[in-house]
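> The structure follows.
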Amino acid sequence: MVKTRFAPSPTGYLHIGGVRTALYSWLYAKQKGGDFILRIEDTDLERSTQESVDAIMEGMEWLGLEHTEGPYYQTQRFDRYKAVIQQLMDNDLAYYCYATSEELDDMREQQRERGEKPRYDGRYRNFTGTPPEGVKPVIRFKNPLDGDVVIDDIVKGKVTVSNKELDDLIIARSDGTPTYNLTVVVDDWDMKVTHVIRGDDHLNNTPRQINLYHALGASLPKFAHIPMVLGPDGSRLSKRHGAVSVLQYKEEGFLPEALLNYLVRLGWSYKDQEIFSIQEMIEHFDLETVNSAPSTFNTEKLLWINQQHIQNTDIENLVKNLAPFMQAKDLDATQGPDLALVADLLRERAKTLIEMADGAVYFYQDFKSFEEGAAKKHLRGVAEEPLQKVQEKFAALSDWSKEAIHHAIQEAADELEIGMGKVGMPLRVAITGGGQSPSIDGTAELIGQQRCLDRISMAIEYIQERIKNA
């Protein structure tokens, strides 16, 4: 059975690159009917924080990337790592290295002066003398001295590395804690991971890890190293490009499925399709067609995809995601029209849920003043008669429906022998407070008859006061 895993380190936020790796791993497991493991690699005791763990868990939950196993924590598996390290020591596959940091710095400096690649020279590999006093040793793995390591990578293809290029990596620090390359091999082995899908910044570690698998007599997983996500300027993605916490995208009003849709397309494609539901991603995703070249992050494209999902998502899902943004603006959706109706009206224009919440304000809260620019342009003397005529027509309506409202506005324009724009724009400013809204008849229907009448009265008073003070 297929088993994939996502194994973040809780030393910071869960960012876009990490989410894409998690998504690819999750999709592959879902598609193959397998398991998706969440593992928290928290062995860096100085930098790991509970705050980061919580952010990872919250981000994964928001995105809907549910794990079927875990979360496992490496700090709870130290006894297991210790046993494996002892096994390697007992089989003469690892050794104590007493080299001090000063000694190693001096060694590397001499190698650079000779034009050599700086690497550990194995000076304690076969040491049988008396250990130097006062030095807490690390434990190093005896990497094979000859032959090649061949990685049959699903994304990168065949990668061959000579063992002569690899030095004896540290598998336990001087304080006894295990290192990443040891723990990741033991975990993937114990957890029966079949496919290791991760960023290609880990590719350099893979030959060393393969040698560890062989030394432990463990079967190899398949590897797929995903290229990096770059900023628009071609440099590594940073905070200024969008490499922020995934929860910031939640706060900025993105739908989780839209963010996943955008990320799945960063390095993978299916025909010419741009917009994918979660189910379509699961059905069509193919690890073997992931691009081996880096992808470029584009905020405008992400906004466009978010807009498409806002327009097309199920209304219940839209309302569920919009509700927190309404609460943040102190908008009580029970004191006005059904939020589902408002969301359905606003969804055509909004790129984010924040924009939708901003657009919903006048449906639930009355305003005391008009937007200055919109009022200056549209609430002028010539608008007084059209607004009075519309108010008269609105007051006479017994059927407050979009169709009846539209007919009333049209009648007012016809009777005054003016274009619809000379009625519609002042009316829009009058009942919404500004110059932007969805269709004026649909907007008026949801604002309600009495609220519209009261707001038109306020606009007429504004015009009259403006004339008086001119």
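Residues in the structure tokens are numbered from 1 in each chain, the chains being A, B, ... in the order shown, and ligands are numbered from 1 in the order shown.
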Counting only C-alpha atoms, which residues of region 176-293 of chain A sit at most 8 Å from some atom of region 21-35 of chain A, and what is each one's closest atom pair with its distance in Å to one decimal, listed by chain and rising residue number, as a Markdown table?

```
| residue | atom | partner | partner_atom | distance |
| --- | --- | --- | --- | --- |
| A:Ile197 | CA | A:Ser25 | CA | 6.0 |
| A:Arg198 | CA | A:Thr21 | CA | 5.8 |
| A:Gly199 | CA | A:Thr21 | CA | 6.7 |
| A:Ile226 | CA | A:Thr21 | CA | 7.3 |
| A:Leu260 | CA | A:Leu23 | CA | 7.3 |
| A:Val264 | CA | A:Tyr24 | CA | 7.3 |
| A:Met281 | CA | A:Leu27 | CA | 7.2 |
| A:Ile282 | CA | A:Gln31 | CA | 5.4 |
| A:Glu283 | CA | A:Gln31 | CA | 6.4 |
| A:Phe285 | CA | A:Leu27 | CA | 6.9 |
| A:Asp286 | CA | A:Tyr28 | CA | 7.6 |
| A:Leu287 | CA | A:Tyr28 | CA | 7.2 |
```
> Residues at most 8 Å from Val229 (chain A), counting only C-alpha atoms, excluding those fewer than 5 positions away in the same chain, as a list in words?
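That gives Gly17, Arg236, Leu237, Leu266, Pro294, Ser295, Thr296 and Phe297 of chain A.
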> Restricting the calculation to only C-alpha atoms, which member of A:Thr4, A:Gln365, A:Thr100, A:Ser48 is positioned closest to Ala224 (chain A)?
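Among the listed residues, A:Thr4 lies closest to Ala224 (chain A).
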> From the options A:Val84, A:Val193, A:Val150, A:Val135, which residue's atoms come nearest to Asp175 (chain A), counting only C-alpha atoms?
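The shortest atom-to-atom distance to Asp175 (chain A) comes from A:Val135.
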> What's around Pro118 (chain A) at 7 Å? Count only C-alpha atoms, leave out sequence neighbours fewer than 3 positions away in its own chain, and write the answer as number ranges by chain.
A: 108, 111-112
> Applying 9 Å and only C-alpha atoms, which residues near Leu255 (chain A) remain after dropping the ones on its own chain fewer than 5 positions away? List them as an mmCIF file with N, CA and C atoms, in the first residue's frame.

```cif
data_model
loop_
_atom_site.group_PDB
_atom_site.id
_atom_site.type_symbol
_atom_site.label_atom_id
_atom_site.label_comp_id
_atom_site.auth_asym_id
_atom_site.auth_seq_id
_atom_site.Cartn_x
_atom_site.Cartn_y
_atom_site.Cartn_z
ATOM 1 N N LEU A 63 -6.593 23.859 5.390
ATOM 2 C CA LEU A 63 -6.473 23.429 3.992
ATOM 3 C C LEU A 63 -7.211 22.121 3.710
ATOM 4 N N TYR A 249 -2.664 33.751 4.344
ATOM 5 C CA TYR A 249 -3.564 33.697 3.184
ATOM 6 C C TYR A 249 -5.011 33.508 3.653
ATOM 7 N N LYS A 250 -5.176 32.768 4.731
ATOM 8 C CA LYS A 250 -6.507 32.635 5.337
ATOM 9 C C LYS A 250 -6.997 33.997 5.801
ATOM 10 N N LEU A 260 -4.966 25.755 -2.761
ATOM 11 C CA LEU A 260 -4.492 24.428 -3.180
ATOM 12 C C LEU A 260 -4.502 24.306 -4.702
ATOM 13 N N ASN A 306 -8.495 32.562 -6.995
ATOM 14 C CA ASN A 306 -9.376 32.723 -5.842
ATOM 15 C C ASN A 306 -10.723 33.298 -6.268
ATOM 16 N N HIS A 309 -12.855 30.596 -7.799
ATOM 17 C CA HIS A 309 -13.435 29.704 -6.791
ATOM 18 C C HIS A 309 -14.550 30.398 -6.013
ATOM 19 N N ILE A 310 -14.386 31.686 -5.723
ATOM 20 C CA ILE A 310 -15.456 32.430 -5.050
ATOM 21 C C ILE A 310 -16.716 32.425 -5.916
ATOM 22 N N LEU A 318 -19.108 28.934 0.722
ATOM 23 C CA LEU A 318 -18.752 30.351 0.646
ATOM 24 C C LEU A 318 -19.180 31.083 1.924
ATOM 25 N N ASN A 321 -16.959 30.216 4.947
ATOM 26 C CA ASN A 321 -15.658 30.888 4.916
ATOM 27 C C ASN A 321 -15.780 32.402 5.075
ATOM 28 N N THR A 352 -11.400 38.479 -3.079
ATOM 29 C CA THR A 352 -11.107 37.871 -1.779
ATOM 30 C C THR A 352 -12.341 37.962 -0.883
ATOM 31 N N LEU A 353 -12.312 37.199 0.202
ATOM 32 C CA LEU A 353 -13.410 37.237 1.165
ATOM 33 C C LEU A 353 -13.430 38.566 1.920
#
```
> Find the spatial neighbours of Gln307 (chain A), counting only C-alpha atoms, within a cut-off of 12 Å - ignore same-chain residues fewer than 3 positions away - and output them as a ChimeraX atom specification.
/A:253-255,257-259,261-262,275,300-304,310-313,318,346-356
> Mind checking which residues fall within 9 Å of Ala293 (chain A), counting only C-alpha atoms, ignoring those fewer than 5 positions away in the same chain, and posting them as a PyMOL selection string?
chain A and resi 226-228+267
